[in-house]
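Structure, as structure tokens:
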Amino acid sequence: TPDQRWEMRTGETGDGARIVHLVDRSGNYAAEKMRVDFVANASHELRTPLASILGFLETLNEEAGEDPALRARFLKVMFDEAQRMQRLVEDLISLSRIEAEKYRLPGERLDFGELLEDVAAEIAAARGPRAGEVGITIDPALPAIVGDEAQLSQLLHNLIGNAMKYGRPGTPVTVTLGLNRSGLLQLAVTDEGEGIAPQHIPRLTERFYRVDAGRSRSVGGTGLGLAIVKHIVERHRGRLDIASKVGVGTTVTVAIPPADALAGAAVIKG
Ligand code: ADP
């Protein structure tokens with residue numbers, strides 16, 4: 001049935017992509033927007049670092065190649081740009097893999113708490129000197145879930161990574177895992193960063209949507225992290241929630257049903 005409250009509009013995002021979105025009567029974004037030219041965006045994201053690498057290669061081939069200091073500087077830039085392309089390609093591959101498996105419930109029984117401990121240890125080992133503490137609290141008596149271990153590990157890396165990237169330097173990140181009132185396993189990742197203005201929140205899981213593209217690039221973002229998280233959550237029949245206060249910080253919550261709650265659902269081993 002047609003819902004009179006929504007209106008469909010086409011528009012442009014900050015990076016020039018065309019989108020179609022649903023708006024409510026007061027003009028607020030009412031539902032997630034559909035990006036109609038994902039390929040154009042992805043190509044654009046790759047073209048920028050590639051053009052930069054080619055430009056530097058050309059310069060190195062000419063007189064700048066003779067100057068050792070200049071050479072070292074250019075090589076460093078090229079290396080960074082190539083790494084950026086690699087992150088992008090890896091995220092694009094992840095996204096298309098996860099999307100392809102959308103309707104297949106993951107078949108592995110696993111302990112989400114244990115997985116969180118492993119990821120926390122990996123993050124602690126890789127943490128830079130300016131990063132604040134990552135405090136983890138895990139309820140010891142959690143039921144098992146059915147999940148895809150690699151995907152859930154990626155979800156944890158993306159969410160804790162964002163909290164560290166967008167948190168103020170030196171401030172802590174808090175991660176808790178417990179059961180919520182509905183009996184779902186609830187993960188909450190909280191940072192003390194600059195927060196996100198409310199009008200951006202419904203759009204954060206769109207591919208390539210960023211509040212501040214320059215900031216995202218400078219911290220190594222691809223603009224795909226939360227789109228990947230959203231797809232992983234959906235595949236696990238979960239819920240994703242983002243709550244934020246400008247100037248205070250952000251809490252991202254993921255709720256996943258325990259294995260027993262999915263007993264009735266068809267589990268296709270994958
Ligand atoms: P990116 O690779 O740019 O970090 P994401 O999809 O992970 O992409 O996030 C999209 C955007 O959402 C980011 O560019 C950033 O503007 C915003 N964002 C995500 N997490 C946070 C956070 N914890 N605090 C503030 N802003 C955030």
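Simple scheme: letters A, B, ... for chains in structure tokens order, numbers from 1 for residues in each chain, numbers from 1 for ligands in the order shown.
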
- Message: I need the residues in segment 15-263 of chain A that are strand (DSSP E or B) according to DSSP; give them as number ranges by chain.
- Response: A: 18-23, 29, 34-35, 108-110, 134-138, 145-147, 167, 173-179, 185-191, 193, 239-245, 249-256

- Find the residues near Ala144 of chain A: any atom within 10 Å, counting only C-alpha atoms, skip ones fewer than 6 places away on the same chain, and give them as a list in words.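 The contact residues come out as Glu108, Arg109, Leu110, Asp111, Phe112, Gly113, Leu185, Pro257, Pro258, Ala259 and Asp260 of chain A.
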
To check your reading of the model: which residues sit at most 7 Å from ligand 1 when counting only C-alpha atoms and all ligand atoms? Write the answer as a PDB file with N, CA and C atoms, in the first residue's frame.
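Output below, filename out_12.pdb:
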ATOM      1  N   ASN A 158      35.713  -2.709  12.347  1.00  0.00           N
ATOM      2  CA  ASN A 158      35.199  -1.465  11.765  1.00  0.00           C
ATOM      3  C   ASN A 158      34.639  -0.542  12.841  1.00  0.00           C
ATOM      4  N   ASN A 162      36.440   2.836  14.004  1.00  0.00           N
ATOM      5  CA  ASN A 162      35.801   4.149  13.859  1.00  0.00           C
ATOM      6  C   ASN A 162      35.843   4.926  15.168  1.00  0.00           C
ATOM      7  N   ALA A 163      35.543   4.232  16.271  1.00  0.00           N
ATOM      8  CA  ALA A 163      35.541   4.915  17.572  1.00  0.00           C
ATOM      9  C   ALA A 163      36.930   5.480  17.864  1.00  0.00           C
ATOM     10  N   TYR A 166      37.587   8.470  15.128  1.00  0.00           N
ATOM     11  CA  TYR A 166      36.811   9.698  15.288  1.00  0.00           C
ATOM     12  C   TYR A 166      36.693  10.140  16.742  1.00  0.00           C
ATOM     13  N   GLY A 167      37.313   9.412  17.649  1.00  0.00           N
ATOM     14  CA  GLY A 167      37.361   9.838  19.044  1.00  0.00           C
ATOM     15  C   GLY A 167      38.445  10.908  19.172  1.00  0.00           C
ATOM     16  N   ASP A 191      32.470   6.117  21.995  1.00  0.00           N
ATOM     17  CA  ASP A 191      33.675   6.955  21.975  1.00  0.00           C
ATOM     18  C   ASP A 191      33.364   8.322  22.551  1.00  0.00           C
ATOM     19  N   GLY A 193      34.216  11.235  21.064  1.00  0.00           N
ATOM     20  CA  GLY A 193      34.662  12.053  19.939  1.00  0.00           C
ATOM     21  C   GLY A 193      33.785  13.264  19.748  1.00  0.00           C
ATOM     22  N   GLU A 194      33.871  13.820  18.542  1.00  0.00           N
ATOM     23  CA  GLU A 194      33.105  15.050  18.294  1.00  0.00           C
ATOM     24  C   GLU A 194      31.625  14.788  18.061  1.00  0.00           C
ATOM     25  N   GLY A 195      31.233  13.529  17.892  1.00  0.00           N
ATOM     26  CA  GLY A 195      29.820  13.204  17.677  1.00  0.00           C
ATOM     27  C   GLY A 195      29.383  13.469  16.248  1.00  0.00           C
ATOM     28  N   ILE A 196      28.132  13.143  15.975  1.00  0.00           N
ATOM     29  CA  ILE A 196      27.603  13.252  14.617  1.00  0.00           C
ATOM     30  C   ILE A 196      26.279  14.002  14.695  1.00  0.00           C
ATOM     31  N   LEU A 204      24.576   7.323   7.379  1.00  0.00           N
ATOM     32  CA  LEU A 204      25.957   6.867   7.579  1.00  0.00           C
ATOM     33  C   LEU A 204      26.242   5.489   6.991  1.00  0.00           C
ATOM     34  N   THR A 205      25.186   4.659   6.848  1.00  0.00           N
ATOM     35  CA  THR A 205      25.439   3.316   6.327  1.00  0.00           C
ATOM     36  C   THR A 205      25.366   3.275   4.796  1.00  0.00           C
ATOM     37  N   ARG A 207      26.848   3.677   1.168  1.00  0.00           N
ATOM     38  CA  ARG A 207      28.214   3.556   0.648  1.00  0.00           C
ATOM     39  C   ARG A 207      28.775   4.925   0.295  1.00  0.00           C
ATOM     40  N   PHE A 208      29.958   5.174   0.774  1.00  0.00           N
ATOM     41  CA  PHE A 208      30.701   6.400   0.487  1.00  0.00           C
ATOM     42  C   PHE A 208      30.112   7.651   1.135  1.00  0.00           C
ATOM     43  N   TYR A 209      29.137   7.490   2.013  1.00  0.00           N
ATOM     44  CA  TYR A 209      28.641   8.678   2.704  1.00  0.00           C
ATOM     45  C   TYR A 209      29.582   8.996   3.857  1.00  0.00           C
ATOM     46  N   ARG A 210      30.062  10.229   3.894  1.00  0.00           N
ATOM     47  CA  ARG A 210      30.928  10.661   4.990  1.00  0.00           C
ATOM     48  C   ARG A 210      30.479  12.032   5.451  1.00  0.00           C
ATOM     49  N   VAL A 211      30.608  12.259   6.752  1.00  0.00           N
ATOM     50  CA  VAL A 211      30.257  13.581   7.270  1.00  0.00           C
ATOM     51  C   VAL A 211      31.308  14.580   6.795  1.00  0.00           C
ATOM     52  N   ASP A 212      32.559  14.186   6.849  1.00  0.00           N
ATOM     53  CA  ASP A 212      33.653  15.057   6.475  1.00  0.00           C
ATOM     54  C   ASP A 212      34.641  14.209   5.668  1.00  0.00           C
ATOM     55  N   ALA A 213      34.557  14.353   4.342  1.00  0.00           N
ATOM     56  CA  ALA A 213      35.341  13.466   3.473  1.00  0.00           C
ATOM     57  C   ALA A 213      36.846  13.648   3.698  1.00  0.00           C
ATOM     58  N   SER A 216      37.800  11.875   6.892  1.00  0.00           N
ATOM     59  CA  SER A 216      37.752  10.436   6.692  1.00  0.00           C
ATOM     60  C   SER A 216      38.996   9.954   5.946  1.00  0.00           C
ATOM     61  N   ARG A 217      39.358  10.670   4.885  1.00  0.00           N
ATOM     62  CA  ARG A 217      40.532  10.264   4.103  1.00  0.00           C
ATOM     63  C   ARG A 217      41.786  10.349   4.942  1.00  0.00           C
ATOM     64  N   GLY A 220      42.364   7.473   7.042  1.00  0.00           N
ATOM     65  CA  GLY A 220      42.421   6.195   6.345  1.00  0.00           C
ATOM     66  C   GLY A 220      41.073   5.560   6.078  1.00  0.00           C
ATOM     67  N   GLY A 221      39.997   6.357   6.087  1.00  0.00           N
ATOM     68  CA  GLY A 221      38.660   5.803   5.847  1.00  0.00           C
ATOM     69  C   GLY A 221      38.397   5.576   4.369  1.00  0.00           C
ATOM     70  N   THR A 222      37.481   4.657   4.096  1.00  0.00           N
ATOM     71  CA  THR A 222      37.088   4.404   2.710  1.00  0.00           C
ATOM     72  C   THR A 222      35.642   4.844   2.472  1.00  0.00           C
ATOM     73  N   GLY A 223      34.911   5.134   3.539  1.00  0.00           N
ATOM     74  CA  GLY A 223      33.494   5.464   3.394  1.00  0.00           C
ATOM     75  C   GLY A 223      32.621   4.229   3.243  1.00  0.00           C
ATOM     76  N   LEU A 224      33.220   3.051   3.413  1.00  0.00           N
ATOM     77  CA  LEU A 224      32.459   1.810   3.235  1.00  0.00           C
ATOM     78  C   LEU A 224      32.275   1.034   4.538  1.00  0.00           C
ATOM     79  N   GLY A 225      32.983   1.461   5.590  1.00  0.00           N
ATOM     80  CA  GLY A 225      32.994   0.690   6.837  1.00  0.00           C
ATOM     81  C   GLY A 225      31.606   0.415   7.401  1.00  0.00           C
ATOM     82  N   LEU A 226      30.791   1.435   7.499  1.00  0.00           N
ATOM     83  CA  LEU A 226      29.473   1.234   8.109  1.00  0.00           C
ATOM     84  C   LEU A 226      28.497   0.545   7.151  1.00  0.00           C
ATOM     85  N   ALA A 227      28.703   0.714   5.846  1.00  0.00           N
ATOM     86  CA  ALA A 227      27.877  -0.034   4.880  1.00  0.00           C
ATOM     87  C   ALA A 227      28.158  -1.530   5.051  1.00  0.00           C
ATOM     88  N   GLY A 249      29.999  12.547  22.003  1.00  0.00           N
ATOM     89  CA  GLY A 249      30.482  11.261  21.518  1.00  0.00           C
ATOM     90  C   GLY A 249      29.391  10.431  20.893  1.00  0.00           C
ATOM     91  N   THR A 250      29.774   9.221  20.524  1.00  0.00           N
ATOM     92  CA  THR A 250      28.890   8.358  19.744  1.00  0.00           C
ATOM     93  C   THR A 250      28.856   6.964  20.357  1.00  0.00           C
TER      94      THR A 250
END

- Neighbour list for segment 80-85 of chain A as JSON, numbers by chain, cut-off 6 Å, only C-alpha atoms, skip fewer than 3 positions in-chain: {"A": [49, 77, 88]}

Output for the residues just chosen: N, CA and C atoms as a CSV table (one decimal), in the first residue's frame:
chain,number,residue,atom,x,y,z
A,49,PRO,N,43.3,8.5,-6.3
A,49,PRO,CA,44.7,8.1,-5.9
A,49,PRO,C,45.5,7.6,-7.1
A,77,VAL,N,54.4,9.4,-0.7
A,77,VAL,CA,53.1,9.7,-1.1
A,77,VAL,C,52.5,8.6,-2.0
A,88,LEU,N,40.5,0.4,-0.4
A,88,LEU,CA,39.2,0.5,-1.1
A,88,LEU,C,38.8,-0.8,-1.8

- Item | Given only C-alpha atoms as the counted atoms, nearest of A:Pro106, A:Leu92, A:Arg127, A:Met78 to Leu262 of chain A |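 So, comparing all the options, the nearest one is A:Pro106.
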
- Find the distance between atom CA of Arg239 of chain A and atom CA of Val252 of chain A and write it in Å to one decimal.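 Computing the Euclidean distance for atom CA of Arg239 of chain A and atom CA of Val252 of chain A yields 10.6 Å.
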
- Spatial neighbours of Leu152 of chain A, 10 Å, only C-alpha atoms, chain gap at least 3 places, as a ChimeraX atom specification: /A:112,115-116,119,147-149,155-158,229,232-233,236

The selected residues should be written to file as a compact mmCIF listing (two decimals), in the first residue's frame (atoms: N, CA, C and O atoms).
# COMPACT_ATOMS: atom_id res chain seq x y z
N PHE A 112 30.54 -15.13 20.78
CA PHE A 112 30.83 -13.76 20.36
C PHE A 112 31.79 -13.07 21.34
O PHE A 112 32.63 -12.27 20.96
N LEU A 115 35.30 -14.04 20.54
CA LEU A 115 35.72 -13.34 19.32
C LEU A 115 36.08 -11.89 19.65
O LEU A 115 37.11 -11.37 19.18
N LEU A 116 35.28 -11.26 20.49
CA LEU A 116 35.57 -9.87 20.87
C LEU A 116 36.90 -9.78 21.61
O LEU A 116 37.68 -8.86 21.39
N VAL A 119 39.67 -9.96 19.00
CA VAL A 119 39.78 -8.72 18.23
C VAL A 119 40.38 -7.61 19.09
O VAL A 119 41.23 -6.84 18.64
N GLY A 147 26.96 -17.48 13.62
CA GLY A 147 27.57 -16.34 12.97
C GLY A 147 28.67 -16.73 12.04
O GLY A 147 29.12 -17.88 12.02
N ASP A 148 29.09 -15.76 11.27
CA ASP A 148 30.23 -15.93 10.39
C ASP A 148 31.39 -15.23 11.08
O ASP A 148 31.39 -14.01 11.23
N GLU A 149 32.38 -16.02 11.50
CA GLU A 149 33.44 -15.48 12.34
C GLU A 149 34.22 -14.36 11.65
O GLU A 149 34.48 -13.32 12.25
N LEU A 155 33.24 -6.69 11.51
CA LEU A 155 32.30 -5.76 12.14
C LEU A 155 32.94 -5.11 13.37
O LEU A 155 32.90 -3.88 13.55
N LEU A 156 33.57 -5.93 14.21
CA LEU A 156 34.20 -5.40 15.43
C LEU A 156 35.35 -4.46 15.08
O LEU A 156 35.47 -3.38 15.65
N HIS A 157 36.16 -4.86 14.11
CA HIS A 157 37.28 -4.00 13.69
C HIS A 157 36.77 -2.67 13.16
O HIS A 157 37.32 -1.61 13.48
N ASN A 158 35.71 -2.71 12.35
CA ASN A 158 35.20 -1.47 11.76
C ASN A 158 34.64 -0.54 12.84
O ASN A 158 34.90 0.66 12.83
N VAL A 229 29.28 -2.96 7.83
CA VAL A 229 28.71 -3.34 9.13
C VAL A 229 27.20 -3.60 8.99
O VAL A 229 26.68 -4.60 9.48
N ILE A 232 26.54 -6.92 7.39
CA ILE A 232 26.87 -8.04 8.27
C ILE A 232 25.77 -8.20 9.33
O ILE A 232 25.32 -9.31 9.61
N VAL A 233 25.31 -7.09 9.88
CA VAL A 233 24.25 -7.15 10.89
C VAL A 233 22.99 -7.77 10.29
O VAL A 233 22.35 -8.63 10.88
N HIS A 236 23.09 -11.41 9.97
CA HIS A 236 22.96 -12.11 11.24
C HIS A 236 21.61 -11.84 11.91
O HIS A 236 21.44 -12.08 13.10

- Query: Of the residues A:Asn61, A:Ser96, A:Ser182, A:Thr190, which is the one nearest to Ile242 of chain A, using only C-alpha atoms?
  - Reply: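 Answer, going by the shortest atom-to-atom distance: A:Thr190.
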
- Message: Just list as a PyMOL selection string whatever in segment 34-233 of chain A DSSP marks as alpha helix (DSSP H).
- Response: chain A and resi 38-61+68-100+112-126+149-166+213-218+225-233

Go ahead and save the picked residues with C-alpha atoms, as a CSV table (one decimal), in the first residue's frame.
chain,number,residue,atom,x,y,z
A,38,PHE,CA,27.5,3.1,-7.0
A,39,VAL,CA,29.9,2.1,-9.8
A,40,ALA,CA,30.5,5.7,-10.8
A,41,ASN,CA,31.3,6.5,-7.1
A,42,ALA,CA,33.6,3.6,-6.7
A,43,SER,CA,35.4,4.4,-9.9
A,44,HIS,CA,35.8,8.0,-8.8
A,45,GLU,CA,37.2,7.0,-5.5
A,46,LEU,CA,39.8,4.8,-7.2
A,47,ARG,CA,40.6,7.3,-9.9
A,48,THR,CA,41.8,10.0,-7.5
A,49,PRO,CA,44.7,8.1,-5.9
A,50,LEU,CA,45.5,6.5,-9.2
A,51,ALA,CA,45.9,9.9,-10.9
A,52,SER,CA,48.0,11.0,-8.0
A,53,ILE,CA,50.3,8.0,-8.4
A,54,LEU,CA,50.7,8.5,-12.1
A,55,GLY,CA,51.4,12.2,-11.7
A,56,PHE,CA,54.2,11.5,-9.2
A,57,LEU,CA,55.6,8.7,-11.4
A,58,GLU,CA,55.8,11.2,-14.3
A,59,THR,CA,57.6,13.8,-12.2
A,60,LEU,CA,60.0,11.2,-10.8
A,61,ASN,CA,60.8,10.1,-14.3
A,68,PRO,CA,67.1,12.1,-3.3
A,69,ALA,CA,65.0,14.0,-0.7
A,70,LEU,CA,62.3,14.8,-3.2
A,71,ARG,CA,62.4,11.2,-4.5
A,72,ALA,CA,61.9,9.9,-1.0
A,73,ARG,CA,59.0,12.2,-0.4
A,74,PHE,CA,57.2,11.3,-3.6
A,75,LEU,CA,57.7,7.6,-3.0
A,76,LYS,CA,56.1,8.0,0.4
A,77,VAL,CA,53.1,9.7,-1.1
A,78,MET,CA,52.8,7.1,-3.8
A,79,PHE,CA,53.0,4.3,-1.2
A,80,ASP,CA,50.2,6.0,0.8
A,81,GLU,CA,48.0,6.4,-2.2
A,82,ALA,CA,48.5,2.8,-3.3
A,83,GLN,CA,47.6,1.6,0.2
A,84,ARG,CA,44.5,3.7,0.0
A,85,MET,CA,43.5,2.0,-3.2
A,86,GLN,CA,44.2,-1.4,-1.7
A,87,ARG,CA,41.9,-0.6,1.3
A,88,LEU,CA,39.2,0.5,-1.1
A,89,VAL,CA,39.4,-2.6,-3.3
A,90,GLU,CA,39.4,-4.8,-0.2
A,91,ASP,CA,36.3,-3.1,1.2
A,92,LEU,CA,34.6,-3.3,-2.2
A,93,ILE,CA,35.3,-7.0,-2.3
A,94,SER,CA,34.0,-7.5,1.2
A,95,LEU,CA,30.9,-5.6,0.5
A,96,SER,CA,30.0,-7.6,-2.6
A,97,ARG,CA,30.8,-10.9,-0.9
A,98,ILE,CA,28.6,-10.1,2.1
A,99,GLU,CA,25.8,-8.9,-0.2
A,100,ALA,CA,26.0,-12.1,-2.2
A,112,PHE,CA,30.8,-13.8,20.4
A,113,GLY,CA,32.5,-12.8,23.6
A,114,GLU,CA,35.6,-14.9,22.8
A,115,LEU,CA,35.7,-13.3,19.3
A,116,LEU,CA,35.6,-9.9,20.9
A,117,GLU,CA,38.5,-10.8,23.2
A,118,ASP,CA,40.6,-11.9,20.2
A,119,VAL,CA,39.8,-8.7,18.2
A,120,ALA,CA,40.5,-6.5,21.3
A,121,ALA,CA,43.9,-8.2,21.6
A,122,GLU,CA,44.7,-7.6,17.9
A,123,ILE,CA,43.6,-3.9,18.2
A,124,ALA,CA,45.7,-3.4,21.4
A,125,ALA,CA,48.7,-4.8,19.7
A,126,ALA,CA,48.3,-2.4,16.7
A,149,GLU,CA,33.4,-15.5,12.3
A,150,ALA,CA,35.3,-13.5,9.7
A,151,GLN,CA,32.4,-11.2,9.1
A,152,LEU,CA,31.8,-10.5,12.8
A,153,SER,CA,35.5,-9.9,13.3
A,154,GLN,CA,35.3,-7.4,10.5
A,155,LEU,CA,32.3,-5.8,12.1
A,156,LEU,CA,34.2,-5.4,15.4
A,157,HIS,CA,37.3,-4.0,13.7
A,158,ASN,CA,35.2,-1.5,11.8
A,159,LEU,CA,33.2,-0.2,14.8
A,160,ILE,CA,36.1,-0.1,17.3
A,161,GLY,CA,38.3,1.3,14.5
A,162,ASN,CA,35.8,4.1,13.9
A,163,ALA,CA,35.5,4.9,17.6
A,164,MET,CA,39.3,5.2,17.7
A,165,LYS,CA,39.5,7.2,14.4
A,166,TYR,CA,36.8,9.7,15.3
A,213,ALA,CA,35.3,13.5,3.5
A,214,GLY,CA,38.7,15.2,4.1
A,215,ARG,CA,38.8,14.0,7.7
A,216,SER,CA,37.8,10.4,6.7
A,217,ARG,CA,40.5,10.3,4.1
A,218,SER,CA,43.1,11.6,6.5
A,225,GLY,CA,33.0,0.7,6.8
A,226,LEU,CA,29.5,1.2,8.1
A,227,ALA,CA,27.9,0.0,4.9
A,228,ILE,CA,29.8,-3.3,5.5
A,229,VAL,CA,28.7,-3.3,9.1
A,230,LYS,CA,25.1,-2.9,8.1
A,231,HIS,CA,25.2,-5.8,5.7
A,232,ILE,CA,26.9,-8.0,8.3
A,233,VAL,CA,24.3,-7.1,10.9

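For the atom pair formed by atom CA of Pro202 of chain A and atom CA of Glu234 of chain A, the distance is 15.8 Å, given to one decimal.
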
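Candidate residues A:Leu184, A:Val219, A:Ile138, A:Leu179 were compared for distance to Arg237 of chain A, and the nearest is A:Leu184, using only C-alpha atoms.
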
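A straight line drawn from atom CA of Glu206 of chain A to atom CA of Arg104 of chain A is 22.0 Å long.
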
- Counting only C-alpha atoms, the option among A:Gly170, A:Gly135, A:Pro143, A:Pro198 closest to Ile256 of chain A: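 The shortest atom-to-atom distance to Ile256 of chain A comes from A:Pro143.
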